[in-house]
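Student: model-v6.pdb is reproduced below (PDB, C-alpha atoms, pLDDT in the B column).
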ATOM      1  CA  MET B  15      31.015 106.926 118.194  1.00 46.00           C
ATOM      2  CA  ALA B  16      32.473 109.499 120.576  1.00 48.00           C
ATOM      3  CA  GLU B  17      33.839 112.676 119.085  1.00 51.00           C
ATOM      4  CA  VAL B  18      37.580 113.155 119.485  1.00 49.00           C
ATOM      5  CA  ASP B  19      38.891 116.591 120.460  1.00 50.00           C
ATOM      6  CA  ARG B  20      41.601 117.070 117.846  1.00 47.00           C
ATOM      7  CA  SER B  21      42.834 120.348 119.345  1.00 49.00           C
ATOM      8  CA  GLN B  22      44.532 118.364 122.110  1.00 50.00           C
ATOM      9  CA  GLN B  23      46.184 115.939 119.686  1.00 54.00           C
ATOM     10  CA  MET B  24      47.697 118.224 117.059  1.00 51.00           C
ATOM     11  CA  PRO B  25      49.535 121.439 117.939  1.00 56.00           C
ATOM     12  CA  GLU B  26      48.678 124.555 116.006  1.00 60.00           C
ATOM     13  CA  PRO B  27      51.044 125.067 113.064  1.00 65.00           C
ATOM     14  CA  HIS B  28      53.484 127.914 113.499  1.00 70.00           C
ATOM     15  CA  PRO B  29      53.028 130.903 111.206  1.00 76.00           C
ATOM     16  CA  PRO B  30      55.383 130.765 108.212  1.00 73.00           C
ATOM     17  CA  SER B  31      58.578 132.752 108.504  1.00 77.00           C
ATOM     18  CA  GLN B  32      59.464 135.509 106.073  1.00 78.00           C
ATOM     19  CA  MET B  33      61.897 133.146 104.309  1.00 74.00           C
ATOM     20  CA  GLU B  34      59.217 130.447 103.967  1.00 72.00           C
ATOM     21  CA  ARG B  35      56.772 132.988 102.508  1.00 73.00           C
ATOM     22  CA  TRP B  36      59.427 134.199 100.034  1.00 74.00           C
ATOM     23  CA  ILE B  37      60.183 130.622  98.954  1.00 70.00           C
ATOM     24  CA  ASP B  38      56.465 129.882  98.551  1.00 70.00           C
ATOM     25  CA  ARG B  39      55.966 133.005  96.416  1.00 69.00           C
ATOM     26  CA  ARG B  40      59.080 132.280  94.382  1.00 69.00           C
ATOM     27  CA  PHE B  41      58.323 128.654  93.556  1.00 64.00           C
ATOM     28  CA  SER B  42      54.534 128.314  93.819  1.00 62.00           C
ATOM     29  CA  GLY B  43      53.820 129.597  90.320  1.00 57.00           C
ATOM     30  CA  ARG B  44      56.621 127.722  88.638  1.00 56.00           C
ATOM     31  CA  ALA B  45      57.164 123.996  88.832  1.00 56.00           C
ATOM     32  CA  LEU B  46      60.772 123.033  89.422  1.00 58.00           C
ATOM     33  CA  ARG B  47      62.015 121.689  86.135  1.00 65.00           C
ATOM     34  CA  PRO B  48      65.355 119.954  85.576  1.00 64.00           C
ATOM     35  CA  ARG B  49      66.709 122.865  83.517  1.00 68.00           C
ATOM     36  CA  TYR B  50      65.883 125.361  86.267  1.00 74.00           C
ATOM     37  CA  ALA B  51      67.320 123.010  88.916  1.00 69.00           C
ATOM     38  CA  ALA B  52      70.550 122.716  86.925  1.00 70.00           C
ATOM     39  CA  ARG B  53      70.823 126.496  86.786  1.00 77.00           C
ATOM     40  CA  VAL B  54      70.333 126.791  90.539  1.00 79.00           C
ATOM     41  CA  ILE B  55      73.020 124.194  91.204  1.00 77.00           C
ATOM     42  CA  ALA B  56      75.467 125.798  88.763  1.00 78.00           C
ATOM     43  CA  ILE B  57      74.982 129.260  90.253  1.00 87.00           C
ATOM     44  CA  VAL B  58      75.382 128.045  93.839  1.00 84.00           C
ATOM     45  CA  TRP B  59      78.539 126.101  92.975  1.00 83.00           C
ATOM     46  CA  LEU B  60      80.000 129.041  91.046  1.00 89.00           C
ATOM     47  CA  VAL B  61      79.405 131.463  93.916  1.00 92.00           C
ATOM     48  CA  VAL B  62      80.912 129.060  96.467  1.00 89.00           C
ATOM     49  CA  VAL B  63      84.007 128.436  94.309  1.00 91.00           C
ATOM     50  CA  VAL B  64      84.575 132.166  93.794  1.00 94.00           C
ATOM     51  CA  VAL B  65      84.033 133.099  97.458  1.00 94.00           C
ATOM     52  CA  PHE B  66      86.255 130.337  98.843  1.00 91.00           C
ATOM     53  CA  GLY B  67      88.862 130.912  96.145  1.00 92.00           C
ATOM     54  CA  VAL B  68      89.120 134.573  97.121  1.00 94.00           C
ATOM     55  CA  ILE B  69      89.230 133.730 100.824  1.00 93.00           C
ATOM     56  CA  GLU B  70      91.952 131.126 100.270  1.00 91.00           C
ATOM     57  CA  ARG B  71      93.995 133.568  98.176  1.00 92.00           C
ATOM     58  CA  ILE B  72      93.790 136.120 100.997  1.00 93.00           C
ATOM     59  CA  VAL B  73      94.587 133.599 103.762  1.00 91.00           C
ATOM     60  CA  ASP B  74      97.411 131.723 101.969  1.00 90.00           C
ATOM     61  CA  PRO B  75      98.957 134.073  99.356  1.00 92.00           C
ATOM     62  CA  ASP B  76     102.293 132.213  99.293  1.00 90.00           C
ATOM     63  CA  THR B  77     100.692 128.994  98.037  1.00 91.00           C
ATOM     64  CA  PHE B  78      98.101 130.650  95.820  1.00 92.00           C
ATOM     65  CA  GLY B  79      99.987 133.146  93.695  1.00 92.00           C
ATOM     66  CA  SER B  80      96.869 134.179  91.796  1.00 93.00           C
ATOM     67  CA  VAL B  81      93.169 134.183  92.466  1.00 93.00           C
ATOM     68  CA  TRP B  82      92.742 131.911  89.415  1.00 94.00           C
ATOM     69  CA  LEU B  83      94.883 129.239  91.050  1.00 94.00           C
ATOM     70  CA  ALA B  84      92.765 129.596  94.209  1.00 93.00           C
ATOM     71  CA  PHE B  85      89.598 129.192  92.105  1.00 92.00           C
ATOM     72  CA  TRP B  86      91.084 126.019  90.574  1.00 92.00           C
ATOM     73  CA  TRP B  87      91.872 124.672  94.031  1.00 92.00           C
ATOM     74  CA  ALA B  88      88.366 125.529  95.327  1.00 91.00           C
ATOM     75  CA  LEU B  89      86.785 123.771  92.342  1.00 89.00           C
ATOM     76  CA  GLN B  90      88.900 120.652  92.931  1.00 89.00           C
ATOM     77  CA  THR B  91      88.122 120.695  96.630  1.00 88.00           C
ATOM     78  CA  ILE B  92      84.379 121.262  96.409  1.00 86.00           C
ATOM     79  CA  THR B  93      83.985 118.457  93.879  1.00 81.00           C
ATOM     80  CA  THR B  94      86.174 116.208  96.067  1.00 76.00           C
ATOM     81  CA  VAL B  95      88.506 115.529  93.123  1.00 80.00           C
ATOM     82  CA  GLY B  96      91.542 117.048  94.831  1.00 77.00           C
ATOM     83  CA  TYR B  97      94.325 116.451  92.300  1.00 81.00           C
ATOM     84  CA  GLY B  98      96.898 117.542  94.854  1.00 81.00           C
ATOM     85  CA  ASP B  99      98.698 119.903  92.472  1.00 85.00           C
ATOM     86  CA  VAL B 100      97.909 122.800  94.827  1.00 87.00           C
ATOM     87  CA  VAL B 101      97.532 122.266  98.558  1.00 89.00           C
ATOM     88  CA  PRO B 102      97.151 124.932 101.245  1.00 90.00           C
ATOM     89  CA  GLN B 103     100.236 125.194 103.440  1.00 89.00           C
ATOM     90  CA  ASP B 104      98.908 127.363 106.271  1.00 88.00           C
ATOM     91  CA  THR B 105      96.733 125.934 109.010  1.00 90.00           C
ATOM     92  CA  ALA B 106      94.031 128.496 108.264  1.00 89.00           C
ATOM     93  CA  GLY B 107      94.091 127.463 104.595  1.00 88.00           C
ATOM     94  CA  LYS B 108      93.729 123.799 105.543  1.00 89.00           C
ATOM     95  CA  ALA B 109      90.820 124.644 107.844  1.00 91.00           C
ATOM     96  CA  ILE B 110      89.151 126.525 104.996  1.00 89.00           C
ATOM     97  CA  GLY B 111      89.764 123.514 102.774  1.00 89.00           C
ATOM     98  CA  ALA B 112      88.127 121.204 105.313  1.00 90.00           C
ATOM     99  CA  ILE B 113      85.107 123.488 105.536  1.00 89.00           C
ATOM    100  CA  LEU B 114      84.914 123.608 101.747  1.00 87.00           C
ATOM    101  CA  MET B 115      85.073 119.800 101.465  1.00 88.00           C
ATOM    102  CA  LEU B 116      82.341 119.255 104.045  1.00 88.00           C
ATOM    103  CA  GLY B 117      80.311 122.102 102.633  1.00 82.00           C
ATOM    104  CA  GLY B 118      80.615 120.723  99.122  1.00 82.00           C
ATOM    105  CA  LEU B 119      79.384 117.309 100.172  1.00 84.00           C
ATOM    106  CA  SER B 120      76.519 118.668 102.240  1.00 80.00           C
ATOM    107  CA  LEU B 121      75.571 121.297  99.659  1.00 75.00           C
ATOM    108  CA  LEU B 122      75.319 118.695  96.950  1.00 76.00           C
ATOM    109  CA  SER B 123      73.226 116.372  99.111  1.00 81.00           C
ATOM    110  CA  VAL B 124      70.875 119.144 100.274  1.00 75.00           C
ATOM    111  CA  ILE B 125      70.342 120.474  96.767  1.00 75.00           C
ATOM    112  CA  THR B 126      69.780 116.978  95.415  1.00 81.00           C
ATOM    113  CA  ALA B 127      67.290 116.188  98.185  1.00 81.00           C
ATOM    114  CA  THR B 128      65.438 119.473  97.642  1.00 77.00           C
ATOM    115  CA  ILE B 129      65.131 118.937  93.920  1.00 80.00           C
ATOM    116  CA  THR B 130      64.045 115.322  94.392  1.00 85.00           C
ATOM    117  CA  SER B 131      61.454 116.430  96.942  1.00 81.00           C
ATOM    118  CA  ALA B 132      60.091 119.011  94.485  1.00 80.00           C
ATOM    119  CA  PHE B 133      59.752 116.366  91.772  1.00 84.00           C
ATOM    120  CA  VAL B 134      58.030 113.923  94.152  1.00 85.00           C
ATOM    121  CA  THR B 135      55.651 116.616  95.417  1.00 83.00           C
ATOM    122  CA  ARG B 136      54.800 117.636  91.874  1.00 83.00           C
ATOM    123  CA  ARG B 137      54.093 114.032  90.877  1.00 83.00           C
ATOM    124  CA  GLN B 138      51.921 113.484  93.951  1.00 82.00           C
ATOM    125  CA  ALA B 139      49.910 116.603  93.107  1.00 83.00           C
ATOM    126  CA  GLU B 140      49.449 115.365  89.541  1.00 84.00           C
ATOM    127  CA  LEU B 141      48.264 111.966  90.801  1.00 82.00           C
ATOM    128  CA  GLN B 142      45.858 113.546  93.279  1.00 80.00           C
ATOM    129  CA  ALA B 143      44.469 115.906  90.633  1.00 83.00           C
ATOM    130  CA  SER B 144      43.852 113.010  88.251  1.00 83.00           C
ATOM    131  CA  GLY B 145      42.341 110.827  90.985  1.00 79.00           C
ATOM    132  CA  ASN B 146      44.987 108.124  90.514  1.00 81.00           C
ATOM    133  CA  ASP B 147      46.871 108.594  93.780  1.00 81.00           C
ATOM    134  CA  PRO B 148      47.400 105.100  95.251  1.00 84.00           C
ATOM    135  CA  ALA B 149      47.528 106.427  98.829  1.00 82.00           C
ATOM    136  CA  MET B 150      44.225 108.257  98.422  1.00 82.00           C
ATOM    137  CA  ARG B 151      42.671 105.187  96.796  1.00 84.00           C
ATOM    138  CA  GLN B 152      43.753 103.081  99.763  1.00 89.00           C
ATOM    139  CA  LEU B 153      42.403 105.664 102.214  1.00 88.00           C
ATOM    140  CA  ARG B 154      39.048 105.611 100.399  1.00 88.00           C
ATOM    141  CA  GLN B 155      38.995 101.803 100.705  1.00 91.00           C
ATOM    142  CA  ILE B 156      39.761 102.032 104.432  1.00 94.00           C
ATOM    143  CA  GLU B 157      37.088 104.704 104.849  1.00 93.00           C
ATOM    144  CA  SER B 158      34.575 102.491 103.056  1.00 93.00           C
ATOM    145  CA  ARG B 159      35.419  99.540 105.284  1.00 93.00           C
ATOM    146  CA  LEU B 160      35.134 101.693 108.412  1.00 93.00           C
ATOM    147  CA  ASP B 161      31.756 102.982 107.230  1.00 92.00           C
ATOM    148  CA  GLY B 162      30.643  99.361 106.845  1.00 91.00           C
ATOM    149  CA  ILE B 163      31.878  98.537 110.341  1.00 91.00           C
ATOM    150  CA  ASP B 164      30.085 101.607 111.753  1.00 89.00           C
ATOM    151  CA  ALA B 165      26.862 100.578 110.012  1.00 90.00           C
ATOM    152  CA  GLU B 166      27.147  97.060 111.403  1.00 88.00           C
ATOM    153  CA  LEU B 167      27.866  98.381 114.897  1.00 88.00           C
ATOM    154  CA  ARG B 168      24.824 100.667 114.715  1.00 88.00           C
ATOM    155  CA  ARG B 169      22.726  97.705 113.586  1.00 86.00           C
ATOM    156  CA  ILE B 170      23.985  95.537 116.447  1.00 87.00           C
ATOM    157  CA  GLY B 171      24.388  98.077 119.216  1.00 79.00           C
ATOM    158  CA  GLY B 172      21.835 100.647 118.219  1.00 64.00           C
ATOM    159  CA  ASP B 173      23.912 103.797 118.808  1.00 60.00           C
ATOM    160  CA  GLY B 174      27.058 103.107 116.828  1.00 53.00           C
ATOM    161  CA  SER B 175      29.238 102.466 119.851  1.00 59.00           C
ATOM    162  CA  PRO B 176      30.977  99.107 120.048  1.00 56.00           C
ATOM    163  CA  PRO B 177      29.260  96.473 122.173  1.00 57.00           C
ATOM    164  CA  GLY B 178      30.697  95.805 125.597  1.00 60.00           C
ATOM    165  CA  PRO B 179      31.338  97.732 128.811  1.00 61.00           C
ATOM    166  CA  THR B 180      31.662 101.511 128.591  1.00 57.00           C
ATOM    167  CA  SER B 181      33.782 103.656 130.815  1.00 53.00           C
TER     168      SER B 181
END
Can you dump the structure from the file as structure tokens?
Tutor:
Amino acid sequence: MAEVDRSQQMPEPHPPSQMERWIDRRFSGRALRPRYAARVIAIVWLVVVVVFGVIERIVDPDTFGSVWLAFWWALQTITTVGYGDVVPQDTAGKAIGAILMLGGLSLLSVITATITSAFVTRRQAELQASGNDPAMRQLRQIESRLDGIDAELRRIGGDGSPPGPTS
């Protein structure tokens, strides 16, 4: 069969960024376990609640008489509970609330997807290491069938190319 020039089909991968290298170093030696994932989520949520609580207290001090009340509001908003006992009155406070709501939803989904991806990747690596990966097993079967087809084509055609007109 004719050799295929793969350099024209697949672009060269870009070199990893500094952030990607840091993430690889940080997580390559340690598998992401549920306990560690829970800590990451708790820390991220805590930081976001504190930062937005402080910002809201600064932006809307009439509504939020203390930073603790602003923290309570930020916690309600980021979890989309929103009891309604404290509501920003200023337009800037409402805008911050909208950002916090959207950020809370997206943050939760991104963190959940990242953790799920880590678990799936870990399981795939375990399956590949044990030789029980169904995708690899199927690829081996396909490879075996293609080898059989190549052998038959060589037997029929003599050079391994399919019979028929060539270009």
Student: With distances taken over only C-alpha atoms, which of B:Ser131, B:Leu119, B:Thr126, B:Glu70 is nearest to Gly107 of chain B?
Tutor: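 Once distances to Gly107 of chain B are computed over only C-alpha atoms, the minimum belongs to B:Glu70.
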Student: Excluding Gln90 of chain B and any residue of its chain fewer than 5 positions from it, enumerate the residues within 12 Å of it, using only C-alpha atoms, and give them as an mmCIF file with C-alpha atoms, in the coordinates of the input.
Tutor:
data_model
loop_
_atom_site.group_PDB
_atom_site.id
_atom_site.type_symbol
_atom_site.label_atom_id
_atom_site.label_comp_id
_atom_site.auth_asym_id
_atom_site.auth_seq_id
_atom_site.Cartn_x
_atom_site.Cartn_y
_atom_site.Cartn_z
ATOM 1 C CA TRP B 59 78.539 126.101 92.975
ATOM 2 C CA VAL B 63 84.007 128.436 94.309
ATOM 3 C CA PHE B 66 86.255 130.337 98.843
ATOM 4 C CA GLY B 67 88.862 130.912 96.145
ATOM 5 C CA LEU B 83 94.883 129.239 91.050
ATOM 6 C CA ALA B 84 92.765 129.596 94.209
ATOM 7 C CA PHE B 85 89.598 129.192 92.105
ATOM 8 C CA VAL B 95 88.506 115.529 93.123
ATOM 9 C CA GLY B 96 91.542 117.048 94.831
ATOM 10 C CA TYR B 97 94.325 116.451 92.300
ATOM 11 C CA GLY B 98 96.898 117.542 94.854
ATOM 12 C CA ASP B 99 98.698 119.903 92.472
ATOM 13 C CA VAL B 100 97.909 122.800 94.827
ATOM 14 C CA VAL B 101 97.532 122.266 98.558
ATOM 15 C CA GLY B 111 89.764 123.514 102.774
ATOM 16 C CA LEU B 114 84.914 123.608 101.747
ATOM 17 C CA MET B 115 85.073 119.800 101.465
ATOM 18 C CA GLY B 118 80.615 120.723 99.122
#
Student: In Å, how far is it from atom CA of Trp87 of chain B to atom CA of Pro102 of chain B?
Tutor: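 According to the coordinates, atom CA of Trp87 of chain B and atom CA of Pro102 of chain B are separated by 8.9 Å.
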Student: Could you check which of B:Arg53, B:Arg151, B:His28, B:Lys108 is closest to Asp74 of chain B, using all atoms listed in the file?
Tutor: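 Comparing B:Arg53, B:Arg151, B:His28, B:Lys108 against Asp74 of chain B, the winner is B:Lys108.
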Student: Go through B:Ile92, B:Ala56, B:Ile72, B:Ile170 and flag the residue nearest Ser120 of chain B, using all atoms listed in the file for the distances.
Tutor: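 Among B:Ile92, B:Ala56, B:Ile72, B:Ile170, it is B:Ile92 that comes nearest to Ser120 of chain B.
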Student: What's the separation between atom CA of Ile156 of chain B and atom CA of Arg136 of chain B, in Å to one decimal place?
Tutor: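 Atom CA of Arg136 of chain B lies at a distance of 25.0 Å from atom CA of Ile156 of chain B.
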Student: Have a look at atom CA of Glu166 of chain B and atom CA of Gly145 of chain B and let me know their distance in Å, one decimal.
Tutor: 28.9 Å
Student: Give me segment 74-94 of chain B from this structure - C-alpha atoms, as a PDB file, in the first residue's frame.
Tutor:
ATOM      1  CA  ASP B  74     -23.926  48.848  48.250  1.00  0.00           C
ATOM      2  CA  PRO B  75     -23.186  49.763  51.905  1.00  0.00           C
ATOM      3  CA  ASP B  76     -26.751  50.951  52.589  1.00  0.00           C
ATOM      4  CA  THR B  77     -28.233  47.512  51.901  1.00  0.00           C
ATOM      5  CA  PHE B  78     -25.367  45.515  53.374  1.00  0.00           C
ATOM      6  CA  GLY B  79     -24.718  46.990  56.797  1.00  0.00           C
ATOM      7  CA  SER B  80     -21.983  44.478  57.575  1.00  0.00           C
ATOM      8  CA  VAL B  81     -19.593  42.373  55.576  1.00  0.00           C
ATOM      9  CA  TRP B  82     -21.151  39.280  57.206  1.00  0.00           C
ATOM     10  CA  LEU B  83     -24.526  40.130  55.694  1.00  0.00           C
ATOM     11  CA  ALA B  84     -22.806  40.567  52.312  1.00  0.00           C
ATOM     12  CA  PHE B  85     -21.149  37.147  52.737  1.00  0.00           C
ATOM     13  CA  TRP B  86     -24.580  35.638  53.493  1.00  0.00           C
ATOM     14  CA  TRP B  87     -26.020  37.250  50.376  1.00  0.00           C
ATOM     15  CA  ALA B  88     -23.081  36.058  48.221  1.00  0.00           C
ATOM     16  CA  LEU B  89     -23.504  32.507  49.530  1.00  0.00           C
ATOM     17  CA  GLN B  90     -27.235  32.554  48.742  1.00  0.00           C
ATOM     18  CA  THR B  91     -26.599  33.995  45.306  1.00  0.00           C
ATOM     19  CA  ILE B  92     -23.773  31.697  44.249  1.00  0.00           C
ATOM     20  CA  THR B  93     -25.747  28.614  45.259  1.00  0.00           C
ATOM     21  CA  THR B  94     -28.813  30.011  43.446  1.00  0.00           C
TER      22      THR B  94
END
